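Have a look at work24.cif; it's mmCIF, C-alpha atoms and all ligand atoms:
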```
data_protein
loop_
_atom_site.label_atom_id
_atom_site.label_comp_id
_atom_site.auth_asym_id
_atom_site.auth_seq_id
_atom_site.Cartn_x
_atom_site.Cartn_y
_atom_site.Cartn_z
CA PRO A 1 -15.03 -22.55 5.80
CA GLU A 2 -15.15 -23.59 2.17
CA ARG A 3 -12.03 -22.44 0.36
CA LYS A 4 -12.69 -21.00 -3.04
CA ARG A 5 -10.09 -21.60 -5.76
CA ARG A 6 -11.78 -20.45 -8.95
CA LEU A 7 -12.07 -16.73 -9.46
CA PRO A 8 -15.55 -15.29 -9.86
CA ALA A 9 -16.34 -13.44 -13.10
CA TRP A 10 -15.88 -9.98 -11.59
CA LEU A 11 -12.22 -10.75 -10.91
CA LYS A 12 -11.16 -11.08 -14.56
CA ARG A 13 -8.75 -8.38 -15.81
CA PRO A 14 -8.13 -6.47 -19.08
CA LEU A 15 -5.41 -7.25 -21.67
CA PRO A 16 -2.21 -5.16 -21.87
CA ALA A 17 -2.13 -1.94 -23.88
CA ALA A 18 0.66 0.08 -25.48
CA GLY A 19 2.10 1.77 -22.37
CA MET A 20 2.83 -1.55 -20.71
CA ALA A 21 6.05 -2.22 -22.61
CA PHE A 22 7.28 1.32 -21.99
CA THR A 23 6.74 1.06 -18.24
CA ASP A 24 8.44 -2.30 -18.22
CA GLU A 25 11.43 -0.89 -20.08
CA VAL A 26 11.84 2.05 -17.69
CA ILE A 27 11.70 -0.22 -14.63
CA ARG A 28 14.23 -2.69 -16.09
CA ASP A 29 16.54 -0.01 -17.44
CA LEU A 30 16.79 1.67 -14.04
CA ASP A 31 16.99 -1.65 -12.24
CA LEU A 32 14.08 -0.86 -9.92
CA VAL A 33 11.68 -3.05 -7.97
CA THR A 34 7.94 -2.55 -8.05
CA VAL A 35 5.35 -3.80 -5.61
CA CYS A 36 3.15 -4.35 -8.64
CA GLU A 37 5.36 -7.32 -9.53
CA SER A 38 6.62 -8.39 -6.12
CA ALA A 39 3.13 -8.54 -4.65
CA LYS A 40 1.65 -10.02 -7.85
CA CYS A 41 -0.88 -7.22 -8.05
CA PRO A 42 -3.86 -8.06 -10.26
CA ASN A 43 -3.91 -4.49 -11.62
CA ARG A 44 -0.47 -4.52 -13.16
CA THR A 45 -1.66 -4.75 -16.74
CA GLU A 46 -4.05 -1.86 -16.28
CA CYS A 47 -1.71 0.38 -14.27
CA TRP A 48 1.40 -0.24 -16.36
CA SER A 49 -0.57 0.28 -19.57
CA HIS A 50 -1.32 3.74 -18.16
CA LYS A 51 2.38 4.22 -17.28
CA THR A 52 1.72 4.04 -13.57
CA ALA A 53 3.72 1.86 -11.20
CA THR A 54 4.48 1.79 -7.50
CA LEU A 55 8.19 1.65 -6.84
CA MET A 56 9.42 -0.42 -3.94
CA ILE A 57 12.58 0.92 -2.36
CA ALA A 58 15.11 -0.57 0.07
CA GLY A 59 15.40 -3.92 -1.68
CA ASN A 60 13.16 -6.78 -2.71
CA VAL A 61 13.59 -8.88 0.43
CA CYS A 62 11.49 -8.35 3.54
CA THR A 63 12.26 -9.10 7.18
CA ARG A 64 8.60 -9.79 8.05
CA PRO A 65 6.66 -12.99 7.42
CA CYS A 66 3.17 -11.64 6.53
CA GLY A 67 0.99 -14.56 5.46
CA PHE A 68 -0.71 -12.70 2.62
CA CYS A 69 2.27 -11.15 0.92
CA SER A 70 4.44 -12.59 -1.85
CA VAL A 71 7.35 -10.18 -1.44
CA PRO A 72 10.41 -12.46 -0.96
CA LYS A 73 11.53 -13.06 2.63
CA GLY A 74 15.02 -13.82 3.85
CA LYS A 75 18.44 -12.25 3.81
CA THR A 76 18.19 -8.56 3.03
CA GLU A 77 20.40 -6.59 0.69
CA ALA A 78 22.47 -3.51 1.54
CA LEU A 79 20.71 -0.25 0.71
CA GLN A 80 21.72 1.12 -2.67
CA LEU A 81 22.82 4.69 -2.26
CA ASP A 82 22.00 5.58 -5.85
CA GLU A 83 18.45 4.30 -5.53
CA PRO A 84 16.91 7.71 -4.72
CA ALA A 85 18.33 9.09 -7.98
CA ARG A 86 17.08 6.09 -9.98
CA VAL A 87 13.63 6.34 -8.42
CA ALA A 88 13.49 10.02 -9.29
CA GLU A 89 14.60 9.29 -12.83
CA ALA A 90 11.86 6.67 -13.22
CA ALA A 91 9.22 9.08 -11.98
CA LYS A 92 10.43 11.62 -14.53
CA ARG A 93 10.65 9.21 -17.47
CA LEU A 94 7.21 7.76 -16.75
CA GLY A 95 5.84 11.28 -16.47
CA LEU A 96 4.13 10.46 -13.19
CA GLU A 97 1.95 13.18 -11.74
CA HIS A 98 1.48 11.30 -8.51
CA VAL A 99 4.41 9.18 -7.35
CA VAL A 100 3.70 6.35 -4.94
CA LEU A 101 6.67 4.86 -3.10
CA THR A 102 6.64 1.86 -0.83
CA SER A 103 9.25 -0.38 0.76
CA VAL A 104 9.79 -3.71 2.36
CA THR A 105 10.07 -3.72 6.15
CA ARG A 106 13.72 -3.43 7.16
CA ASP A 107 13.76 -4.55 10.78
CA ASP A 108 17.48 -5.26 10.27
CA LEU A 109 18.33 -1.56 9.98
CA PRO A 110 18.46 0.66 13.08
CA ASP A 111 16.20 3.29 11.47
CA GLY A 112 14.17 0.77 9.46
CA GLY A 113 15.38 2.52 6.31
CA ALA A 114 13.80 5.87 7.24
CA ALA A 115 16.75 8.01 6.11
CA HIS A 116 16.72 6.20 2.77
CA TRP A 117 12.98 6.81 2.53
CA ALA A 118 13.46 10.52 3.15
CA ALA A 119 16.25 10.66 0.56
CA CYS A 120 13.95 9.11 -2.03
CA VAL A 121 11.14 11.57 -1.35
CA VAL A 122 13.54 14.51 -1.58
CA ALA A 123 15.12 13.18 -4.78
CA VAL A 124 11.74 12.78 -6.47
CA ARG A 125 10.68 16.24 -5.33
CA GLU A 126 13.84 17.79 -6.77
CA ALA A 127 13.71 15.91 -10.06
CA CYS A 128 10.04 16.32 -10.89
CA ASP A 129 8.03 19.31 -11.97
CA GLU A 130 6.28 21.46 -9.47
CA GLY A 131 2.81 20.07 -8.96
CA VAL A 132 3.95 16.45 -8.90
CA THR A 133 2.69 14.89 -5.69
CA ILE A 134 4.28 12.12 -3.67
CA GLU A 135 2.57 9.45 -1.62
CA VAL A 136 4.50 7.25 0.79
CA LEU A 137 3.19 3.84 1.75
CA THR A 138 5.47 2.98 4.62
CA PRO A 139 6.17 0.08 6.95
CA ASP A 140 5.68 0.70 10.68
CA PHE A 141 9.38 1.32 11.46
CA ARG A 142 8.73 -0.76 14.60
CA GLY A 143 7.12 2.34 16.03
CA ASN A 144 10.46 4.18 16.09
CA VAL A 145 9.26 7.76 16.38
CA ARG A 146 12.48 9.33 15.14
CA ALA A 147 12.32 7.18 12.04
CA ILE A 148 8.68 8.03 11.42
CA ASP A 149 9.42 11.73 11.92
CA ALA A 150 12.25 11.59 9.38
CA VAL A 151 9.81 10.41 6.74
CA ILE A 152 7.15 12.95 7.74
CA ASP A 153 9.76 15.72 7.58
CA SER A 154 10.69 14.81 4.02
CA ARG A 155 7.22 16.26 3.29
CA PRO A 156 5.36 13.73 1.18
CA ASP A 157 1.88 14.87 0.07
CA VAL A 158 0.06 11.80 1.38
CA PHE A 159 1.18 9.50 4.21
CA ASN A 160 -0.18 6.00 3.76
CA HIS A 161 0.30 3.11 6.15
CA ASN A 162 -1.79 -0.01 5.82
CA THR A 163 -3.76 -1.62 8.61
CA GLU A 164 -4.27 -4.68 6.34
CA THR A 165 -6.84 -6.46 8.50
CA VAL A 166 -8.77 -6.41 11.76
CA PRO A 167 -6.75 -6.86 14.98
CA ARG A 168 -8.08 -10.36 15.71
CA LEU A 169 -6.39 -11.64 12.55
CA TYR A 170 -3.04 -9.89 13.00
CA HIS A 171 -1.26 -12.97 14.37
CA ARG A 172 -2.06 -14.87 11.18
CA VAL A 173 -2.04 -12.16 8.54
CA ARG A 174 0.46 -9.63 9.82
CA ARG A 175 2.72 -11.44 12.22
CA ASN A 176 5.39 -9.21 13.87
CA ALA A 177 3.17 -6.18 13.35
CA ASP A 178 1.05 -4.61 16.04
CA TYR A 179 -2.36 -3.04 15.62
CA GLN A 180 -1.84 -0.28 18.16
CA ARG A 181 1.51 0.56 16.61
CA THR A 182 -0.19 1.10 13.26
CA LEU A 183 -2.76 3.42 14.81
CA ASP A 184 -0.01 5.24 16.70
CA LEU A 185 1.95 5.79 13.50
CA LEU A 186 -1.04 7.38 11.76
CA ALA A 187 -1.73 9.50 14.84
CA ARG A 188 1.89 10.63 14.88
CA VAL A 189 1.65 11.93 11.32
CA LYS A 190 -1.42 13.99 12.15
CA ARG A 191 0.25 15.41 15.25
CA ARG A 192 3.47 16.40 13.53
CA ALA A 193 1.99 17.48 10.19
CA PRO A 194 -1.72 18.15 10.64
CA ASP A 195 -2.11 19.25 7.03
CA MET A 196 -0.67 16.01 5.61
CA PRO A 197 -3.50 13.64 4.60
CA THR A 198 -3.18 10.16 6.05
CA LYS A 199 -4.42 7.03 4.34
CA SER A 200 -4.79 3.39 5.25
CA GLY A 201 -6.15 0.24 3.72
CA LEU A 202 -7.55 -3.15 4.54
CA MET A 203 -8.03 -6.36 2.61
CA LEU A 204 -11.42 -8.04 2.76
CA GLY A 205 -12.03 -11.76 2.51
CA LEU A 206 -9.62 -12.93 5.21
CA GLY A 207 -12.32 -13.93 7.66
CA GLU A 208 -13.11 -10.55 9.25
CA THR A 209 -16.68 -9.79 10.30
CA ARG A 210 -18.59 -6.68 9.33
CA GLU A 211 -18.58 -5.50 12.93
CA GLU A 212 -14.82 -5.95 13.25
CA LEU A 213 -14.33 -4.04 10.03
CA LEU A 214 -16.46 -1.16 11.26
CA ASP A 215 -14.66 -1.07 14.61
CA THR A 216 -11.26 -1.03 12.92
CA CYS A 217 -12.23 1.77 10.56
CA ALA A 218 -13.70 3.73 13.47
CA ASP A 219 -10.30 3.39 15.17
CA LEU A 220 -8.69 4.79 12.02
CA ARG A 221 -11.05 7.75 12.04
CA ALA A 222 -10.28 8.30 15.73
CA VAL A 223 -6.62 8.89 14.83
CA GLY A 224 -7.60 11.30 12.06
CA CYS A 225 -7.15 9.02 9.05
CA GLU A 226 -8.80 10.67 6.03
CA MET A 227 -8.45 8.22 3.16
CA LEU A 228 -9.40 4.57 3.14
CA THR A 229 -8.91 1.76 0.64
CA LEU A 230 -10.78 -1.53 0.86
CA GLY A 231 -10.01 -4.33 -1.60
CA GLN A 232 -10.37 -8.06 -2.04
CA TYR A 233 -7.56 -10.24 -0.67
CA LEU A 234 -6.27 -12.56 -3.40
CA GLN A 235 -3.99 -15.46 -2.55
CA PRO A 236 -0.74 -14.76 -4.43
CA THR A 237 0.43 -18.42 -4.37
CA GLY A 238 -0.71 -21.70 -2.84
CA GLN A 239 1.75 -21.09 0.03
CA HIS A 240 -0.11 -18.00 1.18
CA LEU A 241 -3.20 -17.59 3.33
CA PRO A 242 -6.34 -18.89 1.64
CA VAL A 243 -9.14 -16.57 0.60
CA GLU A 244 -12.00 -17.12 3.05
CA ARG A 245 -14.51 -15.26 0.94
CA TYR A 246 -14.87 -13.37 -2.34
CA VAL A 247 -16.79 -10.25 -1.46
CA PRO A 248 -19.20 -9.29 -4.28
CA PRO A 249 -18.85 -5.80 -5.83
CA GLU A 250 -22.24 -4.70 -4.43
CA GLU A 251 -21.07 -5.48 -0.94
CA PHE A 252 -17.93 -3.41 -1.48
CA ASP A 253 -20.22 -0.53 -2.47
CA GLU A 254 -22.32 -1.00 0.61
CA VAL A 255 -19.33 -1.21 2.96
CA GLY A 256 -17.81 1.83 1.26
CA GLU A 257 -20.98 3.80 2.03
CA LEU A 258 -20.85 2.74 5.66
CA MET A 259 -17.25 3.92 5.86
CA ARG A 260 -18.11 7.27 4.31
CA GLY A 261 -20.64 7.54 7.10
CA LEU A 262 -17.77 7.25 9.58
CA GLY A 263 -16.40 10.49 8.19
CA PHE A 264 -13.52 9.51 5.89
CA GLY A 265 -12.87 12.24 3.33
CA LEU A 266 -12.37 9.60 0.69
CA VAL A 267 -13.11 5.90 0.47
CA ALA A 268 -12.19 3.59 -2.39
CA SER A 269 -13.91 0.25 -1.99
CA GLY A 270 -13.98 -2.48 -4.63
CA PRO A 271 -12.55 -5.90 -5.45
CA PHE A 272 -9.48 -4.47 -7.22
CA VAL A 273 -8.81 -1.55 -4.96
CA ARG A 274 -5.24 -1.58 -3.66
CA SER A 275 -3.38 1.07 -1.66
CA SER A 276 -1.89 2.51 -4.82
CA TYR A 277 -4.75 1.83 -7.23
CA HIS A 278 -5.77 5.13 -8.87
CA ALA A 279 -3.95 6.82 -5.98
CA GLY A 280 -3.49 10.05 -7.93
CA GLU A 281 -7.21 10.37 -8.56
CA MET A 282 -7.93 9.75 -4.89
CA LYS A 283 -5.52 12.43 -3.86
CA ASP A 284 -7.02 14.88 -6.38
CA VAL A 285 -10.52 14.29 -5.08
CA LEU A 286 -9.45 14.72 -1.48
CA THR A 287 -7.50 17.92 -2.05
CA ALA A 288 -10.31 19.40 -4.19
CA ASN A 289 -12.73 19.03 -1.27
FE1 LIG A 301 1.03 -1.41 -9.01
FE2 LIG A 301 -0.64 -0.30 -7.28
FE3 LIG A 301 -1.36 -0.60 -9.80
FE4 LIG A 301 -1.16 -2.69 -8.23
S1 LIG A 301 -2.62 -1.03 -8.01
S2 LIG A 301 -0.35 -2.52 -10.32
S3 LIG A 301 0.57 -2.14 -6.95
S4 LIG A 301 0.31 0.71 -9.06
FE1 LIG A 302 4.94 -7.85 2.54
FE2 LIG A 302 5.08 -5.54 3.87
FE3 LIG A 302 4.58 -7.81 5.17
FE4 LIG A 302 6.96 -7.35 4.16
S1 LIG A 302 5.96 -6.20 5.81
S2 LIG A 302 5.85 -9.26 4.02
S3 LIG A 302 6.49 -6.27 2.28
S4 LIG A 302 3.28 -6.80 3.63
#
```

Write-out of the structure in structure tokens:
Amino acid sequence: PERKRRLPAWLKRPLPAAGMAFTDEVIRDLDLVTVCESAKCPNRTECWSHKTATLMIAGNVCTRPCGFCSVPKGKTEALQLDEPARVAEAAKRLGLEHVVLTSVTRDDLPDGGAAHWAACVVAVREACDEGVTIEVLTPDFRGNVRAIDAVIDSRPDVFNHNTETVPRLYHRVRRNADYQRTLDLLARVKRRAPDMPTKSGLMLGLGETREELLDTCADLRAVGCEMLTLGQYLQPTGQHLPVERYVPPEEFDEVGELMRGLGFGLVASGPFVRSSYHAGEMKDVLTAN
């Protein structure tokens, strides 16, 4: 297919506002990593201007080679035992009402970093005011049930794990991951903590068909997934997978409607939607229903 390099008009973003420098200062001062930067998220200016960021724990080096993701790959770093405290401090200083945490995949660690994950959730919970909610956007922990359970038992308010794309494209987009393992993880959360909302997301524009997209989202519904994010895949650098198609905003609306018809409690569908984009608002809408 034709590979598009120039961005269409609907993919232009706003200029930075006052909060941006403050967010930047907090992140640097506490020596934290954000997925906003590591994944070159197009929403960084907007989110950081509103003092919102998604903190990435367990280092800035990933053990997986996903073709869409600009998080550095290679030799991992040792876990930093003071990271939970620094993450909690950042959440407090930024005044976050909804804290989204994510991590690289740590296939080099026996528990995939699950104990560290749980420590971060607990630290944020202890440091922040009552009413602050926590969303975890986790790797698949290689399907290690004990690891997954450790994160569930740290009692986040939303459990998010991304599907990323349709199963046919996994070998290219999400190598070393496994579609069934992703579904199993989401099913596990619902079994162990039925009241904990689960969330997943996919990128559009990687070559998936409408039918494949519908089938995948039906699979997510079948394991009880309640929240869905659909956004445009953007190539972070020339070394990453090309964009096969820029999906127009109207089509995102239309697909979003179809997905609501599948029974998701909440669907965010649009070119700039990312797992953590306006995550607090999503959670508020879901819990108000
Ligand atoms: Fe960061 Fe998420 Fe906002 Fe992107 S959408 S800038 S990853 S908080
Ligand atoms: Fe990026 Fe996650 Fe894939 Fe690692 S596992 S390369 S952080 S998407």

### Task
May I ask for the distance between atom CA of A:Leu183 and atom CA of A:Thr52, given in Å to one decimal place?
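Atom CA of A:Leu183 sits 28.7 Å away from atom CA of A:Thr52.
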
### Task
Would you mind reading off the distance between atom CA of A:Gly143 and atom CA of A:Asp184, one decimal, in Å?
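Interatomic distance here is 7.7 Å.
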
Which chain A residues have any atom within 8 Å of an atom of ligand LIG 302 (chain A), and for each, what is the nearest pair of atoms with distance in Å to one decimal, counting all atoms listed in the file, rows sorted by chain and number, as a tab-separated table?
```
residue	atom	partner	partner_atom	distance
A:Ala39	CA	A:LIG302	FE1	7.4
A:Val61	CA	A:LIG302	FE4	7.8
A:Cys62	CA	A:LIG302	FE4	4.7
A:Thr63	CA	A:LIG302	FE4	6.3
A:Arg64	CA	A:LIG302	FE4	4.9
A:Pro65	CA	A:LIG302	S2	5.1
A:Cys66	CA	A:LIG302	FE3	4.3
A:Gly67	CA	A:LIG302	S2	7.3
A:Phe68	CA	A:LIG302	S4	7.2
A:Cys69	CA	A:LIG302	FE1	4.5
A:Ser70	CA	A:LIG302	FE1	6.5
A:Val71	CA	A:LIG302	FE1	5.2
A:Pro72	CA	A:LIG302	S2	7.5
A:Lys73	CA	A:LIG302	S2	7.0
A:Ser103	CA	A:LIG302	S3	6.7
A:Val104	CA	A:LIG302	S3	4.2
A:Thr105	CA	A:LIG302	S1	4.8
A:Pro139	CA	A:LIG302	S1	6.4
A:Arg174	CA	A:LIG302	FE3	6.5
```

#### Entry: Exercise answer, 10 Å around ligand LIG 301 (chain A) with all atoms listed in the file, as number ranges by chain
A: 34-56, 99-102, 272-279

## Note on the structure
In terms of all atoms listed in the file, the residue from A:Thr209, A:Ile152, A:Leu230, A:His161 at minimal distance from A:Ala193 is A:Ile152

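Counting all atoms listed in the file and comparing A:Val158, A:Ala18, A:Ala127, A:Ala288, the residue that lies closest to A:Lys199 is A:Val158.
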
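Note that atom CA of A:Lys92 and atom CA of A:Asp149 are 26.5 Å apart.
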
### Query
Using all atoms listed in the file, can you list as a list of chain:residue names the residues within 6 Å of (-2.6, -16.5, 7.3)?
A:Gly67, A:Arg172, A:Val173, A:Leu241

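The shortest atom-to-atom distance to A:Ala78, with only C-alpha atoms taken into account, belongs to A:Leu109 out of A:Ile148, A:Val122, A:Leu109, A:Leu96.
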
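Checking A:Gly95, A:Pro236, A:Pro197, A:Gly231 one by one against A:Thr287, counting only C-alpha atoms, you find the shortest gap at A:Pro197.
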
### Task
For A:Pro249, work out the shell of residues within 10 Å, counting all atoms listed in the file and skipping chain neighbours fewer than 6 positions away, then give it as a count of residues only.
9

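Candidate residues A:Lys283, A:Ala118, A:Asp111, A:Leu228 were compared for distance to A:Thr163, and the nearest is A:Leu228, using all atoms listed in the file.
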
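Excluding A:Ala147 itself and any same-chain residue fewer than 3 positions from it, the protein and nucleic acid residues within 10 Å of it, counting all atoms listed in the file, are Pro110, Asp111, Gly112, Gly113, Ala114, Ala115, Trp117, Ala118, Asp140, Phe141, Arg142, Gly143, Asn144, Ala150, Val151, Ile152 and Asp153 of chain A.
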
### Counting only C-alpha atoms, the option among A:Leu185, A:Leu30, A:Leu213, A:Leu79 closest to A:Phe159
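Of A:Leu185, A:Leu30, A:Leu213, A:Leu79, the one nearest A:Phe159 is A:Leu185, counting only C-alpha atoms.
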
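Within the 7 Å cut-off around A:Val267, using all atoms listed in the file and omitting residues fewer than 2 positions from it on the same chain, the listed residues are Met227, Leu228, Thr229, Gly256, Arg260, Phe264, Gly265 and Ser269 of chain A.
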
Keeping only C-alpha atoms, write those residues as a compact mmCIF listing (two decimals), keeping the file's coordinate frame.
```txt
# COMPACT_ATOMS: atom_id res chain seq x y z
CA MET A 227 -8.45 8.22 3.16
CA LEU A 228 -9.40 4.57 3.14
CA THR A 229 -8.91 1.76 0.64
CA GLY A 256 -17.81 1.83 1.26
CA ARG A 260 -18.11 7.27 4.31
CA PHE A 264 -13.52 9.51 5.89
CA GLY A 265 -12.87 12.24 3.33
CA SER A 269 -13.91 0.25 -1.99
```

### Query
What's the 9 Å shell around A:Glu83, counting all atoms listed in the file, without same-chain residues fewer than 2 positions away, as a PyMOL selection string?
chain A and resi 32+57-58+79-81+85-88+116+120

### Query
Counting all atoms listed in the file, what is within 8 Å of A:Gly224, bar same-chain residues fewer than 6 positions away, as a count of residues only?
4
